[in-house]
Amino acid sequence: MRRKSISFIFRGVQVDVADTPPHTTLLDWLRLSMRATGTKEGCAEGDCGACTVVLARPGVGGLVHRPVNACILLLGQADGAEIITVEDLASSGALHPVQAAMVEKHGSQCGFCTPGIVMSLFALYQRGHRAATRVDVCDQLAGNLCRCTGYRPIVDAALEVCEGPPDDRFSAATPQRLAALAALQSSQDVLVGEQSADFFAAPASEESLAALYARHPGARIVAGATDAGLSITKGLQTPAKIIWLGRVKELETIERSTTHLSLGAGVLLADAVEALAAIHPDLGEIMRRFGSAQVRASGTVGGNIANASPIGDLAPCLIALGAALELSSVDGARTLLLEDFFIAYGKQDRRAGEYVRGVRIPLPGPQSAFRAFKISKRSDEDISAVLAAFHFILDGRRIVSARIAFGGMAGTPARARHAEAACAGIDLDAVGAGDAAIAALATDFSPIDDMRASAAYRRLVAGNLLRKALIEIAGAAEPTRVKELVHAAR
Amino acid sequence: MPPDDPVRSALQVAGRAAPHESAQLHVCGAAPYIDDIAEPKGTLHLAPGLSSETCGRIVSLDLDPVRRAPGVVAVLTAADIPGKNDIAPVFGDDFLFAEQRVDFHGQVLFAVVAETREQARRAARLAQVVIEAEAPLLTIEDALAADAKVLPDYEYGTGDAGSAIANAPYRLEGQLRIGGQEHFYLEGQAALAIPGEAGGMFVHSSTQDPTELQHIVARVLGAPDALVTVETRRMGGAFGGKETQAAQTGALAALAAHVTGRACKLRLDRDDDFVTTGKRHDFRADWRIGFDSAGRIGGYDVDLHARCGCSVDLTPGVVDRAMFHAGNAYFLPASRIASTRLRTNTVSATAFRGFGGPQGMLAIERAMDAIAHSLGRDPLDVRKENLMRPGADITPYGMQAGDSDVLRALIDRLEETSAYRQRRAEIAAYNSAGPLIRRGLALTPVQFGISFTLIHMNQAGALVHVYQDGSVHLNHGGTEMGQGLFTKVAQVVAEEFGVPLSTVRVTATNTAKVPNASPTAASAGSDLNGMAAQNAAREIKRRMTEFIAADFGVAPDAVFFRNGVVHAGGKSLTFAELAKKCRLNRVQLSHAGFYSTPEIYWDREAKKGRPFLYFAYGAACSEVAIDTLTGEMKVLRVDILHDAGQSLNPALDKGQIEGGFAQGMGWLTTEELVFDQRGRLRTHAPSTYKIPVASDMPEDFRVDLFDGWSRDAAIFRSKAVGEPPLMHGISVFSAILDALHSIAPGRPAPLDAPATPERILMAAEAMKLAG
């Protein structure tokens, strides 16, 4: 049994779309097909947030509202969700509390980014388990660029209105909305189009996924489409066959044992934050800075790994922790060390019909000392120039062994084997403790010059980050990160 | 304010913190931008075809594959232009389409017109282009070596700067590179052109200058201006980037509509927008300065080398303004202010908020820090030592800053409210321990001249109608780009008629309603259009007053308008009743107002004049922390005190100040334009070009309006506030320098702008070696 349409709730009613090309984006569907022009296109690459809309789905504790970039989200990814756009918020002439606060605080100037900002704040408002802090608001807005206001009035509006559980007509209608969404849920596979030509498929089980991918090994596997979307909007590609992982429940598991954390490939980055932050606060900070709220609400753990970008933030951290990757196909599953998956730029150890199933991360033990740093031109919502992850095994004040991995230093995320070897035996209290390891690190990589950083800077900062990690692990008395100074100026 | 200003103290509507006139529409997604306007049936879509070479002769342009692509209706080149292939503001050197040769990477070669946007964009990539590539001139050094210039050098000064510097007790010199800046208006360039009868053309455009676009469309189409109407309701941001740079998009849409006879729309893809439109000029400032042991300047000599790109565009005004602000707020007893206007094979640089002023200012602020660091004095003391003061308040171009005492008072106030001295001591103590994370503090002033330096542009028109039900229609030549101009001018008109603000409806800027307008630029929007609208309202009010005075048999000066009611002697009637009466008695209730700024003049040959009606003042105090291992930087606290005169709308003005600061900070920190060795812009989208996000703003951000007033005849004694706050961002750059300086006190920190983490780390490394 197959469903031949994409089905979602829009403007309060169920919509079934059966006749759209597989690469249609949600934004084009809204603006061009529905003439719903409240949602804007600012960049068509998921960076500015002007196109932010909210997808509501059943989840823990009722409905989960997530902000997404409609510009690079495929329409099919809205299957099973309620799409909420800026036009939905005001009701019979009365502004939604978020909108009213934005007006009252003078939060709009040119107004073009405003619909996206209103929707990001609407998602924050719905989350409402506690009063939002300034940090919460800035995190929520990292993917919403405003060029006019300097953000102060927007943050003020958010702090005023996001102060607890939601109390609006959306929260009041939660049971009815859940019921409408429940009617959309099914265990049927979705396939819009024809297998012989173009299709958008959303298999409902791993078995269906494996079978479909085996039949169509050339199909484009899409998880969050935060990268695939760009190939459509910027590369003008029209992938004929798209298989979306968003309905494969088996890939969405998070399992934690005393020794390991296992993340399914389909786990949203947003849902992985908490588990990863529990491993180490630096990992939490890397995840906080990962893309934006919109990107984390679409992108997945598996997508970030399978995409194999040399500047993907997750891989270096997981390599340093010694994570293993599980791949699967109709022929069965296999496991390999994550660093072995990345063979060269654009080349991974993945066979035809094989998909990333998940990642298994050993939890650091009591002898472990972990640090991770992301260096980028802008602190939030930027792509790393260098990402460094350090995992030392200590014996008292002496380093026994190290796993060190970098992003941005080579064609793939990679270990710094020379530096690792030179770290073994370091006495944390010795003068010039890290000098030899830093010198060794210089021989590990030949980074490139690009628009994010020069090769010279990458080399220098990589060594300095190793030094910083050692200083911190040795127990620095003084601040070692600029953020620690935030309240010093008062 | 003047203690007994009766006009000001009686204001009812002007001066209130009214919300932006479109705020409710903005938050509902109900404010239409160009791409949101309902398209006429059969609207076609354009995509430009861009050069993939940086410079050279066009050998062949095979567009057959483009024409054959699905959905393509027409492919336009220079051969399709009935008029002139000229979209330049003055010099005729910007082209709708490149014809013989290309001069920058991404220059438009042709345009595709297709049934859908996707079809047009897809087809645009199919052209077969052969260009005989030449070695491009890309950098300031390339252009200097080749003596490539778009305009002759220009300089002026006072006294003999050379000997003043040579004879000063202390001398310093330096070179500062100042990066450009992409506007990154959230709404990209867009236009919708609708052909009309008898060759008429109506263009909806996101432009700061509808009049200029009207003129350019007419020139391209070979039609009289009167056949072309341009309308702009609102822009999704502009910042100078839609002054001349909206012309190509508008003219392409109009040409396509002319050729096809159908409505045509062009909305640039963001990457194409980055590549094809101009940016802030980048500069190299070579400076020399002589001073005494107190840090007081004897002479300042600066060469401002501006990279102007491949054409003139607005370079004359931009680089002249960099020169006008080369002294910022300081008195220079002897000076030489020189400029070169360099031609490179890069997109032509254009207007950007501040219009060259920020670049000129940054150079002398850099010199101020250098003086202080070399003398071991507090940079604020050196700055105060050099502020203009009575008897020493003539600029290098001969204009007297009559109210320089305002800035001194403002700085004193900010020094106190920001606790500058205490924090200076505390930071010095913190840094003295040699920490990995260094802190820096700086307080910098802004003195920004208000008026177009091209004198004829200082004019404005407005059209006001009062309808018989008492509602008021307001239209003027200024454009709304988010700054709140429509709100402020409506406040002025409501004030004049004594009616609630909601009575006044502002409509889209339209060249058929108010002709021959100037661009909305130079911070002059409210000053000019506010005055023109005031003049229009006052004339209508005069007629209404005369009528009702005669009708009621009272003297005209016994009539006053307040809160929607007109009082005349002992009698009164509502404003609406009076409007109705006026109509029945054949009193004209419409007037076109006009204003031209008095007193200003500029003699470029003689290098003397009063190019500005007045100066806007402000100061900012910023504190930062930098990581000496990574170059990462965090702005910890910012205090700004800004002089908006008697503000027309404190909420909107505060918005301009905060937003301007953010944009200035971005320009000098994370916003980096990277061109590769082939002249291709590598930072052509927000994924690679990084403007500030919410978390980049200081958590501790204190912005106040200075209790000042304009001594000149600006509208209701307000002061212009659009551009000046951008330069408060300089305080962040100076604070970074201050933090770097602590690594090796007395040594100059080699820091160029923007101060990215990379530049900060490299400067820190140099300081570690020097220390």
# chains A, B, ... in the order shown; residues from 1 in each chain; ligands from 1
call {"tool": "residues_around", "arguments": {"residues": "Pro21 of chain A", "least_positions_apart": "5", "cutoff": "12 Å", "atoms": "only C-alpha atoms", "output": "VMD selection string"}}
result
chain A and resid 5 to 6 26 28 to 29 74 to 76 191 to 194 197 to 201 232 238 to 242
call {"tool": "write_last_selection", "arguments": {"atoms": "C-alpha atoms", "output": "PDB file, in the first residue's frame"}}
result
ATOM      1  CA  SER A   5       0.430  12.307  -2.308  1.00  0.00           C
ATOM      2  CA  ILE A   6       2.229  14.523   0.145  1.00  0.00           C
ATOM      3  CA  LEU A  26       8.158  24.711   0.334  1.00  0.00           C
ATOM      4  CA  ASP A  28       8.096  28.200  -4.007  1.00  0.00           C
ATOM      5  CA  TRP A  29       4.964  26.248  -3.273  1.00  0.00           C
ATOM      6  CA  LEU A  74      11.429  20.320  -0.065  1.00  0.00           C
ATOM      7  CA  LEU A  75       7.659  20.435  -0.024  1.00  0.00           C
ATOM      8  CA  GLY A  76       7.624  16.708   0.612  1.00  0.00           C
ATOM      9  CA  LEU A 191       5.698   7.905  -3.365  1.00  0.00           C
ATOM     10  CA  VAL A 192       4.706  10.887  -5.445  1.00  0.00           C
ATOM     11  CA  GLY A 193       5.481  10.527  -9.139  1.00  0.00           C
ATOM     12  CA  GLU A 194       6.565   7.417 -11.002  1.00  0.00           C
ATOM     13  CA  ALA A 197      10.658   8.638 -14.090  1.00  0.00           C
ATOM     14  CA  ASP A 198      10.657  11.319 -11.359  1.00  0.00           C
ATOM     15  CA  PHE A 199       9.569  10.665  -7.817  1.00  0.00           C
ATOM     16  CA  PHE A 200       9.657  11.915  -4.286  1.00  0.00           C
ATOM     17  CA  ALA A 201       9.553   8.979  -1.922  1.00  0.00           C
ATOM     18  CA  ILE A 232      18.407  22.916  -6.231  1.00  0.00           C
ATOM     19  CA  THR A 238      16.577  18.823 -10.584  1.00  0.00           C
ATOM     20  CA  PRO A 239      17.245  15.471  -8.944  1.00  0.00           C
ATOM     21  CA  ALA A 240      14.779  13.114 -10.575  1.00  0.00           C
ATOM     22  CA  LYS A 241      14.565  10.621  -7.736  1.00  0.00           C
ATOM     23  CA  ILE A 242      14.508  11.760  -4.151  1.00  0.00           C
TER      24      ILE A 242
END
call {"tool": "select_by_dssp", "arguments": {"residues": "segment 47-98 of chain A", "states": "strand (DSSP E or B)", "output": "list in words"}}
result
Thr52, Val53, Val54, Leu55, Ala56, Arg57, Pro58, Gly59, Gly62, Leu63, Val64, His65, Arg66, Pro67, Val68, Asn69, Leu74, Glu82, Ile83, Ile84, Ser91 and Ala94 of chain A
call {"tool": "write_last_selection", "arguments": {"atoms": "C-alpha atoms", "output": "short mmCIF file (atom, residue, chain, number, x, y, z; two decimals), in the first residue's frame"}}
result
data_model
loop_
_atom_site.label_atom_id
_atom_site.label_comp_id
_atom_site.auth_asym_id
_atom_site.auth_seq_id
_atom_site.Cartn_x
_atom_site.Cartn_y
_atom_site.Cartn_z
CA THR A 52 11.18 30.95 8.20
CA VAL A 53 7.92 29.08 8.70
CA VAL A 54 6.97 26.71 11.49
CA LEU A 55 6.23 23.02 11.15
CA ALA A 56 4.21 21.53 13.98
CA ARG A 57 4.26 17.80 14.53
CA PRO A 58 3.15 15.47 17.32
CA GLY A 59 6.01 14.96 19.73
CA GLY A 62 2.03 17.28 22.64
CA LEU A 63 2.87 19.39 19.64
CA VAL A 64 6.43 20.33 18.79
CA HIS A 65 6.82 23.56 16.80
CA ARG A 66 10.01 23.90 14.81
CA PRO A 67 11.20 26.82 12.70
CA VAL A 68 12.51 25.80 9.29
CA ASN A 69 13.91 27.59 6.25
CA LEU A 74 11.43 20.32 -0.07
CA GLU A 82 1.02 21.40 10.11
CA ILE A 83 2.58 24.28 8.15
CA ILE A 84 2.19 27.59 9.97
CA SER A 91 -6.81 36.33 13.98
CA ALA A 94 -6.01 40.83 16.64
#
call {"tool": "closest_residue", "arguments": {"among": "A:Val222, A:Ala180, A:Ile399, A:Leu387", "to": "chain B", "atoms": "only C-alpha atoms"}}
result
A:Leu387
call {"tool": "closest_residue", "arguments": {"among": "B:Ser348, B:Thr77, B:Gln24, B:Asn563", "to": "Ala256 of chain B", "atoms": "only C-alpha atoms"}}
result
B:Thr77
call {"tool": "decode", "arguments": {"residues": "segment 138-175 of chain A", "atoms": "N, CA and C atoms", "output": "compact mmCIF listing (two decimals), in the first residue's frame"}}
result
# COMPACT_ATOMS: atom_id res chain seq x y z
N CYS A 138 18.80 34.74 21.54
CA CYS A 138 19.84 34.90 20.53
C CYS A 138 20.09 33.60 19.78
N ASP A 139 20.01 32.48 20.47
CA ASP A 139 20.16 31.19 19.79
C ASP A 139 19.02 30.98 18.80
N GLN A 140 17.83 31.30 19.25
CA GLN A 140 16.66 31.11 18.38
C GLN A 140 16.77 32.00 17.14
N LEU A 141 17.40 33.17 17.30
CA LEU A 141 17.45 34.15 16.20
C LEU A 141 18.75 34.10 15.40
N ALA A 142 19.66 33.17 15.73
CA ALA A 142 20.96 33.16 15.04
C ALA A 142 20.78 32.98 13.54
N GLY A 143 19.69 32.34 13.14
CA GLY A 143 19.46 32.13 11.71
C GLY A 143 18.51 33.13 11.10
N ASN A 144 18.29 34.24 11.79
CA ASN A 144 17.45 35.32 11.25
C ASN A 144 18.27 36.59 11.16
N LEU A 145 18.68 36.94 9.96
CA LEU A 145 19.47 38.16 9.79
C LEU A 145 18.54 39.36 9.71
N CYS A 146 18.90 40.40 10.45
CA CYS A 146 18.23 41.69 10.33
C CYS A 146 19.32 42.71 10.05
N ARG A 147 19.12 43.52 9.03
CA ARG A 147 20.16 44.49 8.66
C ARG A 147 19.84 45.89 9.18
N CYS A 148 18.64 46.06 9.76
CA CYS A 148 18.22 47.41 10.14
C CYS A 148 18.35 47.71 11.63
N THR A 149 17.90 46.78 12.48
CA THR A 149 17.62 47.19 13.86
C THR A 149 18.78 47.05 14.83
N GLY A 150 19.73 46.18 14.53
CA GLY A 150 20.72 45.86 15.57
C GLY A 150 20.15 44.91 16.62
N TYR A 151 18.97 44.36 16.35
CA TYR A 151 18.35 43.26 17.11
C TYR A 151 17.83 43.62 18.51
N ARG A 152 18.31 44.70 19.11
CA ARG A 152 17.94 44.99 20.50
C ARG A 152 16.43 44.97 20.72
N PRO A 153 15.65 45.70 19.89
CA PRO A 153 14.21 45.71 20.15
C PRO A 153 13.56 44.35 19.91
N ILE A 154 14.14 43.56 19.02
CA ILE A 154 13.58 42.23 18.73
C ILE A 154 13.81 41.31 19.93
N VAL A 155 15.03 41.39 20.48
CA VAL A 155 15.34 40.57 21.66
C VAL A 155 14.46 41.00 22.82
N ASP A 156 14.27 42.30 22.98
CA ASP A 156 13.40 42.80 24.05
C ASP A 156 11.97 42.28 23.88
N ALA A 157 11.49 42.30 22.65
CA ALA A 157 10.13 41.81 22.39
C ALA A 157 10.03 40.34 22.77
N ALA A 158 11.04 39.57 22.39
CA ALA A 158 11.03 38.13 22.68
C ALA A 158 11.05 37.88 24.19
N LEU A 159 11.91 38.62 24.88
CA LEU A 159 12.02 38.41 26.33
C LEU A 159 10.70 38.75 27.03
N GLU A 160 10.01 39.74 26.49
CA GLU A 160 8.76 40.13 27.13
C GLU A 160 7.67 39.09 26.91
N VAL A 161 7.64 38.52 25.71
CA VAL A 161 6.49 37.70 25.37
C VAL A 161 6.73 36.21 25.59
N CYS A 162 7.99 35.78 25.53
CA CYS A 162 8.30 34.36 25.71
C CYS A 162 8.65 34.12 27.18
N GLU A 163 7.65 34.19 28.02
CA GLU A 163 7.93 34.19 29.46
C GLU A 163 7.33 33.01 30.17
N GLY A 164 6.80 32.05 29.42
CA GLY A 164 6.24 30.88 30.09
C GLY A 164 5.41 30.07 29.12
N PRO A 165 4.54 29.22 29.63
CA PRO A 165 3.73 28.38 28.73
C PRO A 165 2.91 29.24 27.77
N PRO A 166 2.75 28.77 26.54
CA PRO A 166 2.02 29.56 25.54
C PRO A 166 0.55 29.71 25.93
N ASP A 167 0.01 30.85 25.61
CA ASP A 167 -1.39 31.10 25.89
C ASP A 167 -1.96 31.86 24.69
N ASP A 168 -2.24 31.11 23.64
CA ASP A 168 -2.77 31.74 22.43
C ASP A 168 -3.77 30.79 21.80
N ARG A 169 -4.31 31.17 20.67
CA ARG A 169 -5.34 30.30 20.09
C ARG A 169 -4.74 29.00 19.55
N PHE A 170 -3.44 28.99 19.32
CA PHE A 170 -2.80 27.75 18.88
C PHE A 170 -2.71 26.76 20.03
N SER A 171 -2.26 27.25 21.19
CA SER A 171 -2.16 26.34 22.33
C SER A 171 -3.55 25.90 22.77
N ALA A 172 -4.52 26.80 22.66
CA ALA A 172 -5.89 26.45 23.07
C ALA A 172 -6.46 25.35 22.17
N ALA A 173 -6.00 25.30 20.93
CA ALA A 173 -6.56 24.32 19.99
C ALA A 173 -5.69 23.06 19.87
N THR A 174 -4.79 22.87 20.82
CA THR A 174 -3.86 21.74 20.71
C THR A 174 -4.57 20.39 20.47
N PRO A 175 -5.62 20.05 21.22
CA PRO A 175 -6.25 18.73 20.99
C PRO A 175 -6.77 18.57 19.56
